[in-house]
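protein-v2.cif follows (mmCIF, C-alpha atoms):
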```cif
data_my_file
#
loop_
_atom_site.label_atom_id
_atom_site.label_comp_id
_atom_site.auth_asym_id
_atom_site.auth_seq_id
_atom_site.Cartn_x
_atom_site.Cartn_y
_atom_site.Cartn_z
CA MET A 1 0.00 0.00 0.00
CA SER A 2 1.40 3.40 -0.98
CA LYS A 3 1.94 5.90 1.78
CA THR A 4 0.04 9.22 1.87
CA ASN A 5 0.61 12.44 3.75
CA GLU A 6 -2.82 12.10 5.32
CA GLY A 7 -2.17 8.56 6.48
CA LEU A 8 1.21 9.46 7.98
CA MET A 9 -0.30 12.48 9.69
CA ALA A 10 -2.86 10.22 11.37
CA ARG A 11 -0.08 7.91 12.57
CA ARG A 12 1.92 10.93 13.76
CA GLN A 13 -0.97 12.27 15.80
CA ALA A 14 -1.39 8.90 17.49
CA ALA A 15 2.31 8.30 18.20
CA VAL A 16 4.12 11.65 18.53
CA ALA A 17 3.77 14.06 21.44
CA GLN A 18 1.65 17.06 20.41
CA GLY A 19 4.30 19.44 21.71
CA VAL A 20 6.43 18.54 18.68
CA GLY A 21 5.00 20.90 16.09
CA GLN A 22 4.88 20.46 12.33
CA ILE A 23 4.35 23.45 10.09
CA HIS A 24 3.36 21.60 6.92
CA PRO A 25 1.31 18.33 6.75
CA VAL A 26 3.84 16.91 4.29
CA PHE A 27 6.13 13.90 4.71
CA THR A 28 9.41 13.81 2.80
CA GLN A 29 10.43 10.85 0.65
CA ARG A 30 13.65 12.31 -0.75
CA ALA A 31 15.39 15.63 -1.35
CA GLU A 32 18.18 17.09 -3.43
CA ASN A 33 19.65 20.61 -3.22
CA ALA A 34 16.57 22.89 -3.04
CA THR A 35 13.98 20.33 -4.15
CA VAL A 36 11.91 18.04 -1.93
CA TRP A 37 9.61 15.18 -3.01
CA ASP A 38 6.92 13.95 -0.64
CA VAL A 39 5.70 10.38 -0.13
CA GLU A 40 3.03 10.94 -2.78
CA GLY A 41 5.64 11.96 -5.35
CA ARG A 42 4.82 15.68 -5.32
CA GLU A 43 7.69 18.09 -5.87
CA TYR A 44 8.33 21.24 -3.82
CA ILE A 45 10.77 24.13 -4.01
CA ASP A 46 12.31 24.41 -0.55
CA PHE A 47 12.52 28.00 0.70
CA ALA A 48 12.78 26.79 4.31
CA GLY A 49 16.04 24.86 4.26
CA GLY A 50 15.19 22.89 7.38
CA ILE A 51 15.02 26.23 9.26
CA ALA A 52 18.41 27.51 8.07
CA VAL A 53 20.17 24.14 8.30
CA LEU A 54 20.71 23.53 4.59
CA ASN A 55 22.78 26.45 3.32
CA THR A 56 24.65 23.91 1.17
CA GLY A 57 21.39 22.25 0.10
CA HIS A 58 19.95 18.81 0.68
CA LEU A 59 22.61 16.08 0.37
CA HIS A 60 25.37 18.14 -1.18
CA PRO A 61 27.56 15.57 -3.01
CA LYS A 62 30.72 16.55 -1.10
CA VAL A 63 28.97 16.38 2.27
CA LYS A 64 27.40 13.04 1.40
CA ALA A 65 30.72 11.61 0.25
CA ALA A 66 32.54 12.82 3.38
CA VAL A 67 29.99 11.21 5.70
CA GLN A 68 30.02 7.95 3.74
CA ALA A 69 33.81 7.84 3.94
CA GLN A 70 33.76 8.44 7.70
CA LEU A 71 31.07 5.79 8.15
CA ASN A 72 33.41 3.25 6.55
CA ASP A 73 35.91 3.91 9.36
CA PHE A 74 33.81 4.36 12.50
CA SER A 75 30.64 6.17 13.58
CA HIS A 76 31.22 6.85 17.29
CA THR A 77 33.69 6.55 20.12
CA CYS A 78 32.68 9.55 22.28
CA PHE A 79 35.42 12.12 21.95
CA MET A 80 35.75 12.23 25.74
CA VAL A 81 36.77 8.55 25.72
CA LEU A 82 38.72 8.08 22.48
CA GLY A 83 39.56 11.14 20.40
CA TYR A 84 39.58 11.50 16.63
CA GLU A 85 41.25 13.95 14.31
CA ASN A 86 38.26 15.49 12.55
CA TYR A 87 36.93 16.86 15.89
CA ILE A 88 40.24 18.70 16.33
CA GLU A 89 40.21 19.85 12.71
CA VAL A 90 36.70 21.33 13.04
CA CYS A 91 37.83 23.22 16.16
CA GLU A 92 40.88 24.52 14.30
CA LYS A 93 38.70 25.69 11.41
CA LEU A 94 36.21 27.44 13.70
CA ASN A 95 38.98 29.10 15.69
CA HIS A 96 40.04 30.65 12.39
CA LEU A 97 36.55 31.47 11.05
CA VAL A 98 35.01 33.03 14.17
CA PRO A 99 35.80 36.77 14.30
CA GLY A 100 38.23 38.12 16.82
CA ASP A 101 41.96 38.88 16.69
CA PHE A 102 42.87 36.77 19.71
CA ALA A 103 43.67 33.16 20.59
CA LYS A 104 40.53 30.99 20.56
CA LYS A 105 39.38 27.54 21.56
CA THR A 106 36.26 25.56 20.61
CA ALA A 107 34.05 22.88 22.14
CA LEU A 108 31.55 20.83 20.13
CA PHE A 109 28.05 19.66 21.04
CA THR A 110 24.94 18.45 19.23
CA SER A 111 22.14 21.06 19.33
CA GLY A 112 21.89 24.83 19.32
CA SER A 113 20.38 24.83 22.80
CA GLU A 114 23.37 22.89 24.11
CA ALA A 115 25.71 25.44 22.58
CA VAL A 116 23.82 28.33 24.19
CA GLU A 117 23.71 26.73 27.63
CA ASN A 118 27.39 25.85 27.50
CA ALA A 119 28.26 29.39 26.42
CA VAL A 120 26.50 30.65 29.54
CA LYS A 121 28.29 28.04 31.67
CA VAL A 122 31.65 29.21 30.36
CA ALA A 123 30.78 32.88 30.93
CA ARG A 124 29.67 32.18 34.49
CA ALA A 125 32.79 30.14 35.24
CA TYR A 126 35.09 32.82 33.86
CA THR A 127 33.45 35.84 35.47
CA LYS A 128 32.33 34.14 38.71
CA ARG A 129 28.96 35.84 38.20
CA ALA A 130 25.47 34.37 37.72
CA GLY A 131 23.32 36.93 35.87
CA VAL A 132 22.64 37.02 32.14
CA ILE A 133 20.97 39.74 30.05
CA ALA A 134 18.98 38.59 27.03
CA PHE A 135 16.66 40.50 24.71
CA THR A 136 13.00 40.74 23.87
CA SER A 137 11.98 38.44 21.00
CA GLY A 138 15.30 36.62 21.13
CA TYR A 139 15.31 32.88 20.51
CA HIS A 140 17.98 30.70 22.13
CA GLY A 141 16.42 27.25 22.29
CA ARG A 142 13.85 25.05 24.00
CA THR A 143 15.82 23.32 26.77
CA ILE A 144 15.07 24.57 30.26
CA ALA A 145 17.90 27.08 30.73
CA ALA A 146 17.76 28.22 27.11
CA LEU A 147 14.03 28.85 27.53
CA ALA A 148 14.83 31.39 30.24
CA LEU A 149 16.84 33.30 27.63
CA THR A 150 14.23 32.95 24.87
CA GLY A 151 12.09 36.09 24.77
CA LYS A 152 8.76 34.55 23.75
CA VAL A 153 6.47 32.57 26.03
CA ALA A 154 4.00 31.04 23.56
CA PRO A 155 4.55 28.40 22.38
CA TYR A 156 8.01 27.75 23.78
CA SER A 157 7.41 27.87 27.55
CA LYS A 158 3.63 28.21 27.75
CA GLY A 159 2.16 26.21 30.60
CA MET A 160 5.56 25.27 32.02
CA GLY A 161 5.76 27.78 34.82
CA LEU A 162 8.55 30.25 35.48
CA MET A 163 11.94 29.57 33.95
CA SER A 164 15.37 29.71 35.60
CA ALA A 165 16.20 32.81 37.61
CA ASN A 166 19.05 35.28 37.08
CA VAL A 167 17.99 36.21 33.52
CA PHE A 168 17.10 39.83 32.82
CA ARG A 169 15.36 41.09 29.69
CA ALA A 170 16.47 44.15 27.73
CA GLU A 171 14.73 45.69 24.70
CA PHE A 172 16.01 44.69 21.28
CA PRO A 173 16.24 47.71 18.96
CA CYS A 174 13.61 47.70 16.21
CA GLU A 175 12.70 51.02 14.66
CA LEU A 176 9.71 49.51 12.84
CA HIS A 177 8.12 48.70 16.19
CA GLY A 178 9.22 51.84 17.99
CA VAL A 179 12.36 50.73 19.87
CA SER A 180 15.38 52.90 19.14
CA GLU A 181 18.97 51.94 19.86
CA ASP A 182 19.04 54.55 22.61
CA ALA A 183 15.93 53.01 24.16
CA ALA A 184 17.49 49.56 23.96
CA MET A 185 20.65 50.73 25.72
CA ALA A 186 18.55 52.56 28.30
CA SER A 187 16.74 49.31 29.06
CA ILE A 188 20.06 47.73 30.02
CA GLU A 189 20.84 50.65 32.28
CA ARG A 190 17.42 50.15 33.92
CA ILE A 191 18.40 46.57 34.67
CA PHE A 192 21.59 47.85 36.30
CA LYS A 193 19.57 50.33 38.33
CA ASN A 194 16.58 48.19 39.29
CA ASP A 195 17.53 44.52 39.14
CA ALA A 196 21.24 43.67 39.17
CA GLU A 197 24.54 45.46 39.43
CA PRO A 198 26.88 45.16 36.45
CA SER A 199 29.15 43.12 38.71
CA ASP A 200 26.36 40.53 38.97
CA ILE A 201 26.11 40.03 35.20
CA ALA A 202 28.21 37.30 33.57
CA ALA A 203 27.07 37.80 29.98
CA ILE A 204 24.91 39.67 27.51
CA ILE A 205 23.61 37.30 24.84
CA LEU A 206 21.94 38.23 21.56
CA GLU A 207 21.50 37.10 17.98
CA PRO A 208 23.16 39.49 15.50
CA VAL A 209 20.02 38.94 13.44
CA GLN A 210 17.04 37.70 15.41
CA GLY A 211 15.75 34.42 14.02
CA GLU A 212 12.35 33.40 15.38
CA GLY A 213 11.93 37.01 16.50
CA GLY A 214 11.52 38.27 12.94
CA PHE A 215 14.94 38.65 11.25
CA TYR A 216 15.64 42.05 12.78
CA ALA A 217 19.35 42.84 12.50
CA ALA A 218 21.34 44.60 15.18
CA SER A 219 23.25 47.48 13.64
CA PRO A 220 27.04 47.74 13.87
CA SER A 221 26.63 50.86 16.00
CA PHE A 222 24.42 49.03 18.51
CA MET A 223 26.77 46.08 18.67
CA GLN A 224 29.71 48.41 19.22
CA ARG A 225 27.85 50.09 22.09
CA LEU A 226 27.23 46.68 23.64
CA ARG A 227 30.90 45.77 23.24
CA GLN A 228 31.94 48.97 24.99
CA LEU A 229 29.45 48.36 27.80
CA CYS A 230 30.71 44.81 28.28
CA ASP A 231 34.32 45.94 28.30
CA THR A 232 33.56 48.62 30.90
CA HIS A 233 31.94 46.16 33.30
CA GLY A 234 33.83 42.93 32.61
CA ILE A 235 30.79 41.26 31.03
CA MET A 236 31.10 38.55 28.37
CA LEU A 237 29.42 39.34 25.04
CA ILE A 238 27.89 36.17 23.57
CA ALA A 239 26.82 36.18 19.92
CA ASP A 240 24.25 33.48 19.26
CA GLU A 241 25.00 32.63 15.62
CA VAL A 242 23.11 29.34 15.51
CA GLN A 243 20.87 30.62 12.69
CA THR A 244 23.05 33.39 11.23
CA GLY A 245 26.25 31.34 11.09
CA ALA A 246 27.69 29.22 8.28
CA GLY A 247 27.34 31.92 5.65
CA ARG A 248 23.63 32.74 5.66
CA THR A 249 24.19 36.50 6.05
CA GLY A 250 26.93 36.85 3.42
CA THR A 251 29.86 36.47 5.80
CA PHE A 252 30.61 33.18 7.50
CA PHE A 253 29.48 34.76 10.76
CA ALA A 254 27.22 37.80 10.92
CA MET A 255 29.43 39.40 13.58
CA GLU A 256 32.05 39.96 10.89
CA GLN A 257 29.78 42.78 9.70
CA MET A 258 29.49 44.41 13.14
CA GLY A 259 32.97 45.87 13.61
CA VAL A 260 33.51 44.13 16.95
CA ALA A 261 34.12 40.56 18.10
CA PRO A 262 32.17 38.68 20.77
CA ASP A 263 33.90 36.87 23.61
CA ILE A 264 31.96 33.67 22.83
CA THR A 265 30.16 32.63 19.64
CA THR A 266 27.60 29.83 19.36
CA PHE A 267 27.03 27.94 16.12
CA ALA A 268 24.93 24.99 14.91
CA LYS A 269 22.33 24.48 12.14
CA SER A 270 24.06 24.81 8.73
CA ILE A 271 27.58 24.18 9.99
CA ALA A 272 27.27 20.46 9.19
CA GLY A 273 24.89 20.49 6.23
CA GLY A 274 22.03 18.65 7.92
CA PHE A 275 23.97 16.58 10.45
CA PRO A 276 23.57 17.48 14.14
CA LEU A 277 26.56 19.52 15.25
CA SER A 278 26.87 22.63 17.39
CA GLY A 279 29.56 24.35 19.35
CA ILE A 280 31.01 27.40 21.01
CA THR A 281 34.17 29.26 20.11
CA GLY A 282 35.64 31.88 22.38
CA ARG A 283 38.68 33.55 23.82
CA ALA A 284 41.10 30.82 24.84
CA GLU A 285 41.41 32.00 28.43
CA VAL A 286 37.63 32.27 28.73
CA MET A 287 37.00 28.82 27.25
CA ASP A 288 39.56 27.28 29.61
CA ALA A 289 37.71 28.57 32.70
CA ILE A 290 36.00 25.18 32.97
CA GLY A 291 38.18 22.22 33.85
CA PRO A 292 38.24 18.75 32.24
CA GLY A 293 34.87 17.04 32.36
CA GLY A 294 32.86 20.24 32.69
CA LEU A 295 32.11 20.45 28.96
CA GLY A 296 31.06 17.77 26.53
CA GLY A 297 28.34 15.22 25.86
CA THR A 298 28.08 11.66 24.62
CA TYR A 299 27.32 12.63 21.02
CA GLY A 300 29.00 16.05 21.03
CA GLY A 301 31.19 16.46 17.96
CA SER A 302 30.09 13.20 16.36
CA PRO A 303 32.70 12.00 13.85
CA LEU A 304 30.02 11.82 11.15
CA ALA A 305 28.92 15.39 11.84
CA CYS A 306 32.52 16.60 11.98
CA ALA A 307 33.19 15.02 8.59
CA ALA A 308 30.12 16.82 7.25
CA ALA A 309 31.22 20.16 8.74
CA LEU A 310 34.65 19.96 7.15
CA ALA A 311 32.98 19.27 3.81
CA VAL A 312 30.61 22.23 4.29
CA ILE A 313 33.52 24.59 4.95
CA GLU A 314 35.29 23.25 1.85
CA VAL A 315 32.15 23.73 -0.26
CA PHE A 316 31.86 27.35 0.89
CA GLU A 317 35.42 27.99 -0.26
CA GLN A 318 35.25 26.08 -3.55
CA GLU A 319 31.81 27.27 -4.64
CA LYS A 320 32.22 30.83 -3.31
CA LEU A 321 29.00 30.56 -1.33
CA LEU A 322 29.57 33.75 0.64
CA GLU A 323 29.46 35.73 -2.59
CA ARG A 324 26.48 33.63 -3.61
CA ALA A 325 24.67 34.48 -0.36
CA ASN A 326 24.94 38.18 -1.14
CA SER A 327 23.94 37.93 -4.80
CA LEU A 328 21.08 35.58 -3.96
CA GLY A 329 19.89 37.90 -1.20
CA ASP A 330 19.93 40.85 -3.61
CA ARG A 331 17.99 38.83 -6.17
CA ILE A 332 15.30 37.87 -3.66
CA LYS A 333 15.00 41.32 -2.09
CA THR A 334 14.79 43.01 -5.50
CA SER A 335 11.99 40.69 -6.58
CA ILE A 336 9.96 40.99 -3.38
CA THR A 337 10.48 44.76 -3.20
CA ALA A 338 8.92 44.95 -6.67
CA MET A 339 5.94 43.03 -5.30
CA GLN A 340 5.71 45.53 -2.44
CA SER A 341 4.42 48.15 -4.89
CA LYS A 342 1.46 45.87 -5.69
CA TYR A 343 0.62 44.66 -2.18
CA SER A 344 0.25 47.24 0.58
CA GLN A 345 0.38 44.48 3.19
CA ILE A 346 4.13 44.08 2.58
CA ALA A 347 5.40 46.65 5.07
CA GLU A 348 9.10 45.86 4.89
CA VAL A 349 11.54 43.60 3.04
CA ARG A 350 14.82 43.18 4.90
CA GLY A 351 17.75 40.93 5.57
CA LEU A 352 21.50 40.46 5.64
CA GLY A 353 22.81 38.31 2.81
CA ALA A 354 20.28 35.61 2.02
CA MET A 355 18.49 35.78 5.38
CA ILE A 356 15.36 37.50 4.09
CA ALA A 357 12.18 38.58 5.89
CA ILE A 358 8.90 40.00 4.63
CA GLU A 359 6.91 41.80 7.33
CA LEU A 360 3.15 41.95 6.81
CA MET A 361 1.18 44.82 8.32
CA GLU A 362 -2.18 46.44 7.79
CA ASN A 363 -3.26 49.89 8.97
CA GLY A 364 0.09 50.25 10.70
CA GLN A 365 -0.40 47.10 12.78
CA PRO A 366 1.07 43.59 12.50
CA ALA A 367 -1.12 41.38 10.29
CA PRO A 368 -0.51 37.78 11.43
CA GLN A 369 -3.77 36.58 9.86
CA TYR A 370 -2.12 36.44 6.45
CA CYS A 371 0.84 34.19 7.24
CA PRO A 372 -1.02 30.85 7.62
CA LYS A 373 -2.91 31.58 4.40
CA VAL A 374 0.30 32.38 2.54
CA LEU A 375 2.03 29.23 3.81
CA THR A 376 -0.92 27.01 2.85
CA GLU A 377 -1.45 28.58 -0.58
CA ALA A 378 2.29 28.42 -1.34
CA ARG A 379 2.48 24.78 -0.31
CA ASN A 380 -0.49 23.95 -2.52
CA ARG A 381 1.44 25.49 -5.42
CA GLY A 382 4.65 23.61 -4.63
CA LEU A 383 6.60 26.10 -2.47
CA ILE A 384 7.63 25.54 1.15
CA LEU A 385 7.78 28.74 3.23
CA LEU A 386 8.14 29.60 6.91
CA SER A 387 6.79 32.34 9.13
CA CYS A 388 8.18 33.86 12.32
CA GLY A 389 8.10 37.03 14.41
CA THR A 390 6.90 38.15 17.81
CA TYR A 391 3.48 38.84 16.29
CA GLY A 392 3.54 35.93 13.83
CA ASN A 393 3.38 38.34 10.90
CA VAL A 394 6.75 37.76 9.23
CA LEU A 395 7.50 35.47 6.30
CA ARG A 396 11.08 34.26 6.00
CA VAL A 397 13.12 32.92 3.14
CA LEU A 398 15.98 30.51 3.87
CA VAL A 399 16.47 28.88 0.48
CA PRO A 400 19.73 26.89 0.11
CA LEU A 401 22.54 29.07 -1.20
CA THR A 402 23.19 26.39 -3.81
CA ALA A 403 19.73 26.71 -5.39
CA PRO A 404 19.96 27.64 -9.08
CA ASP A 405 18.67 31.06 -10.10
CA ALA A 406 15.93 29.58 -12.28
CA GLN A 407 14.49 27.64 -9.35
CA VAL A 408 14.71 30.65 -7.04
CA ASP A 409 12.89 32.75 -9.64
CA ALA A 410 10.22 30.05 -9.98
CA GLY A 411 9.70 30.15 -6.21
CA LEU A 412 9.46 33.93 -6.24
CA ALA A 413 6.90 33.75 -9.06
CA ILE A 414 4.82 31.42 -6.90
CA MET A 415 5.07 33.90 -4.02
CA ASP A 416 3.73 36.65 -6.29
CA GLU A 417 0.79 34.45 -7.30
CA VAL A 418 0.12 33.59 -3.67
CA PHE A 419 0.20 37.22 -2.55
CA ASN A 420 -2.29 38.10 -5.28
CA VAL A 421 -4.67 35.38 -4.11
CA VAL A 422 -4.29 36.02 -0.37
CA PHE A 423 -4.19 39.81 -0.39
CA ASN A 424 -6.65 40.47 -3.21
CA GLY A 425 -8.75 37.32 -3.19
#
```
Structure re-expressed in structure tokens:
Amino acid sequence: MSKTNEGLMARRQAAVAQGVGQIHPVFTQRAENATVWDVEGREYIDFAGGIAVLNTGHLHPKVKAAVQAQLNDFSHTCFMVLGYENYIEVCEKLNHLVPGDFAKKTALFTSGSEAVENAVKVARAYTKRAGVIAFTSGYHGRTIAALALTGKVAPYSKGMGLMSANVFRAEFPCELHGVSEDAAMASIERIFKNDAEPSDIAAIILEPVQGEGGFYAASPSFMQRLRQLCDTHGIMLIADEVQTGAGRTGTFFAMEQMGVAPDITTFAKSIAGGFPLSGITGRAEVMDAIGPGGLGGTYGGSPLACAAALAVIEVFEQEKLLERANSLGDRIKTSITAMQSKYSQIAEVRGLGAMIAIELMENGQPAPQYCPKVLTEARNRGLILLSCGTYGNVLRVLVPLTAPDAQVDAGLAIMDEVFNVVFNG
């Protein structure tokens, strides 16, 4: 009997916890580069990229070959028991790629949440302080400590009670929604005045471009003000580059565009081309604040994932994917900006590199009612899209950087058709 999306969805609902969401009622049979085929044989253009995991596309040949070669040797030893060279090599590569003109060290894990929580652990160990400042609408993961940092209750921590203490929330600058950079900095000063002394704060953590929050980018001037503030008070600046890293914004890390370097950088998602790998890279003396045994994890830095990551880095160099991220981003923004003249609901088109957002508003207010309709109509026409944002009114484009122009243009043409139906229908 042939499988169907409907049949698999029924099995899913019976077997899988409802807390595990699923944006599209589609089940994948196979995928290649920026194309996905479902179990019914239907073809889709993938503008989601596994939520920014597939910058090098589905099953890039070099990534696939590297993992197959590693699998012929061994799949696991646990690096904390028996080491292997490709873990070291990934750390060496990241020490070079992460911005900052200082000696660095790296530790590898499995998920973005693990990277974030370990970054905070390192900051606390180094500074001997407990407090952390995070930002409104920031997203840092779903594990219990990461949830305290994540600036959105529903759906991430709804019904779970209060999260871990010692986290303080500052305003993230967003001119579109009335928060200036001065106001954002003032909100940190209010924390210092009302909640915790600077000497109580171990770290300030933020995404250079907010992911789930709506793809709002921090400006270089704001990041430089944060760097100065951290330097003044001995606070660690943590850049959460889980979604922005591995070339999505046109530089390998978005912080390269900010004019300052963080003390600790987190990475995950696209670094290993679809294989689970995350990590933190930071100042060597900061990273060494935790002694042997204090960092790690059974699957952290899996040899298969490390092989994939080394292939991803090689693909970026050989195929000039950083340049491609910028040209692709320009292509997408130019096309959608042209649509903006036809559809008043498109309030803003923005993004660094190929990390593109389309904010939908009506009468000066967020218009989240359109996003589910756009996602459904696009899917019905063979295009997979995602939404995000504090108000649920932002569409995001995370197409693989390796997607050919003709396929990207076909996806953009579908978006235009969908907007016409949803906004004018």
Give me, as a PDB file with C-alpha atoms, in the coordinates of the input, all polymer residues having an atom no more than 7 Å from His233 (chain A), counting all atoms listed in the file and skipping those fewer than 2 positions away in the same chain.
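Heads up, here's the output in part32.pdb:
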```pdb
ATOM      1  CA  PRO A 198      26.880  45.160  36.450  1.00  0.00           C
ATOM      2  CA  SER A 199      29.150  43.120  38.710  1.00  0.00           C
ATOM      3  CA  LEU A 229      29.450  48.360  27.800  1.00  0.00           C
ATOM      4  CA  CYS A 230      30.710  44.810  28.280  1.00  0.00           C
ATOM      5  CA  ASP A 231      34.320  45.940  28.300  1.00  0.00           C
ATOM      6  CA  ILE A 235      30.790  41.260  31.030  1.00  0.00           C
TER       7      ILE A 235
END
```
If we draw a sphere of 12 Å around (34.0, 39.6, 9.5), which residues have at least one atom in it when counting only C-alpha atoms? Please report them as a PyMOL selection string. chain A and resi 96-101+220+245+247+249-262+322
Smallest atom-to-atom distance to Gln68 (chain A): which of A:Pro155, A:Thr232, A:Leu304, A:Gly141, using all atoms listed in the file?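 Smallest distance to Gln68 (chain A) is found for A:Leu304.
Considering all atoms listed in the file, the residue among A:Met80, A:Lys373, A:Ala403, A:Arg129 positioned nearest to Leu386 (chain A) is A:Lys373.
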Run through the PyMOL selection byres ((chain A and resi 347-352) around 7) on the given coordinates and return the selected residues as a tab-separated table (two decimals) with C-alpha atoms, keeping the file's coordinate frame.
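result.tsv written:
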```tsv
chain	number	residue	atom	x	y	z
A	215	PHE	CA	14.94	38.65	11.25
A	249	THR	CA	24.19	36.50	6.05
A	250	GLY	CA	26.93	36.85	3.42
A	333	LYS	CA	15.00	41.32	-2.09
A	337	THR	CA	10.48	44.76	-3.20
A	344	SER	CA	0.25	47.24	0.58
A	345	GLN	CA	0.38	44.48	3.19
A	346	ILE	CA	4.13	44.08	2.58
A	353	GLY	CA	22.81	38.31	2.81
A	354	ALA	CA	20.28	35.61	2.02
A	355	MET	CA	18.49	35.78	5.38
A	356	ILE	CA	15.36	37.50	4.09
A	357	ALA	CA	12.18	38.58	5.89
A	358	ILE	CA	8.90	40.00	4.63
A	359	GLU	CA	6.91	41.80	7.33
A	360	LEU	CA	3.15	41.95	6.81
A	361	MET	CA	1.18	44.82	8.32
```
If you take all atoms listed in the file and a cut-off of 9 Å, which residues of region 315-393 of chain A touch region 45-62 of chain A, and what are their nearest atom pairs and distances in Å to one decimal, in chain and number order, as JSON lines?
```
{"residue": "A:Val315", "atom": "CA", "partner": "A:Lys62", "partner_atom": "CA", "distance": 7.4}
{"residue": "A:Phe316", "atom": "CA", "partner": "A:Thr56", "partner_atom": "CA", "distance": 8.0}
{"residue": "A:Leu321", "atom": "CA", "partner": "A:Thr56", "partner_atom": "CA", "distance": 8.3}
{"residue": "A:Met355", "atom": "CA", "partner": "A:Ala52", "partner_atom": "CA", "distance": 8.7}
{"residue": "A:Gly382", "atom": "CA", "partner": "A:Ile45", "partner_atom": "CA", "distance": 6.2}
{"residue": "A:Leu383", "atom": "CA", "partner": "A:Ile45", "partner_atom": "CA", "distance": 4.9}
{"residue": "A:Ile384", "atom": "CA", "partner": "A:Asp46", "partner_atom": "CA", "distance": 5.1}
{"residue": "A:Leu385", "atom": "CA", "partner": "A:Phe47", "partner_atom": "CA", "distance": 5.4}
{"residue": "A:Leu386", "atom": "CA", "partner": "A:Ala48", "partner_atom": "CA", "distance": 6.0}
```
Which of A:Val81, A:Met415, A:Ala10, A:Leu226 sits closest to Ala186 (chain A) [using only C-alpha atoms]: A:Leu226
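Proximity ranking of A:Ala413, A:Ala154, A:Ala202, A:Leu108 relative to Thr390 (chain A) places A:Ala154 first, based on only C-alpha atoms.
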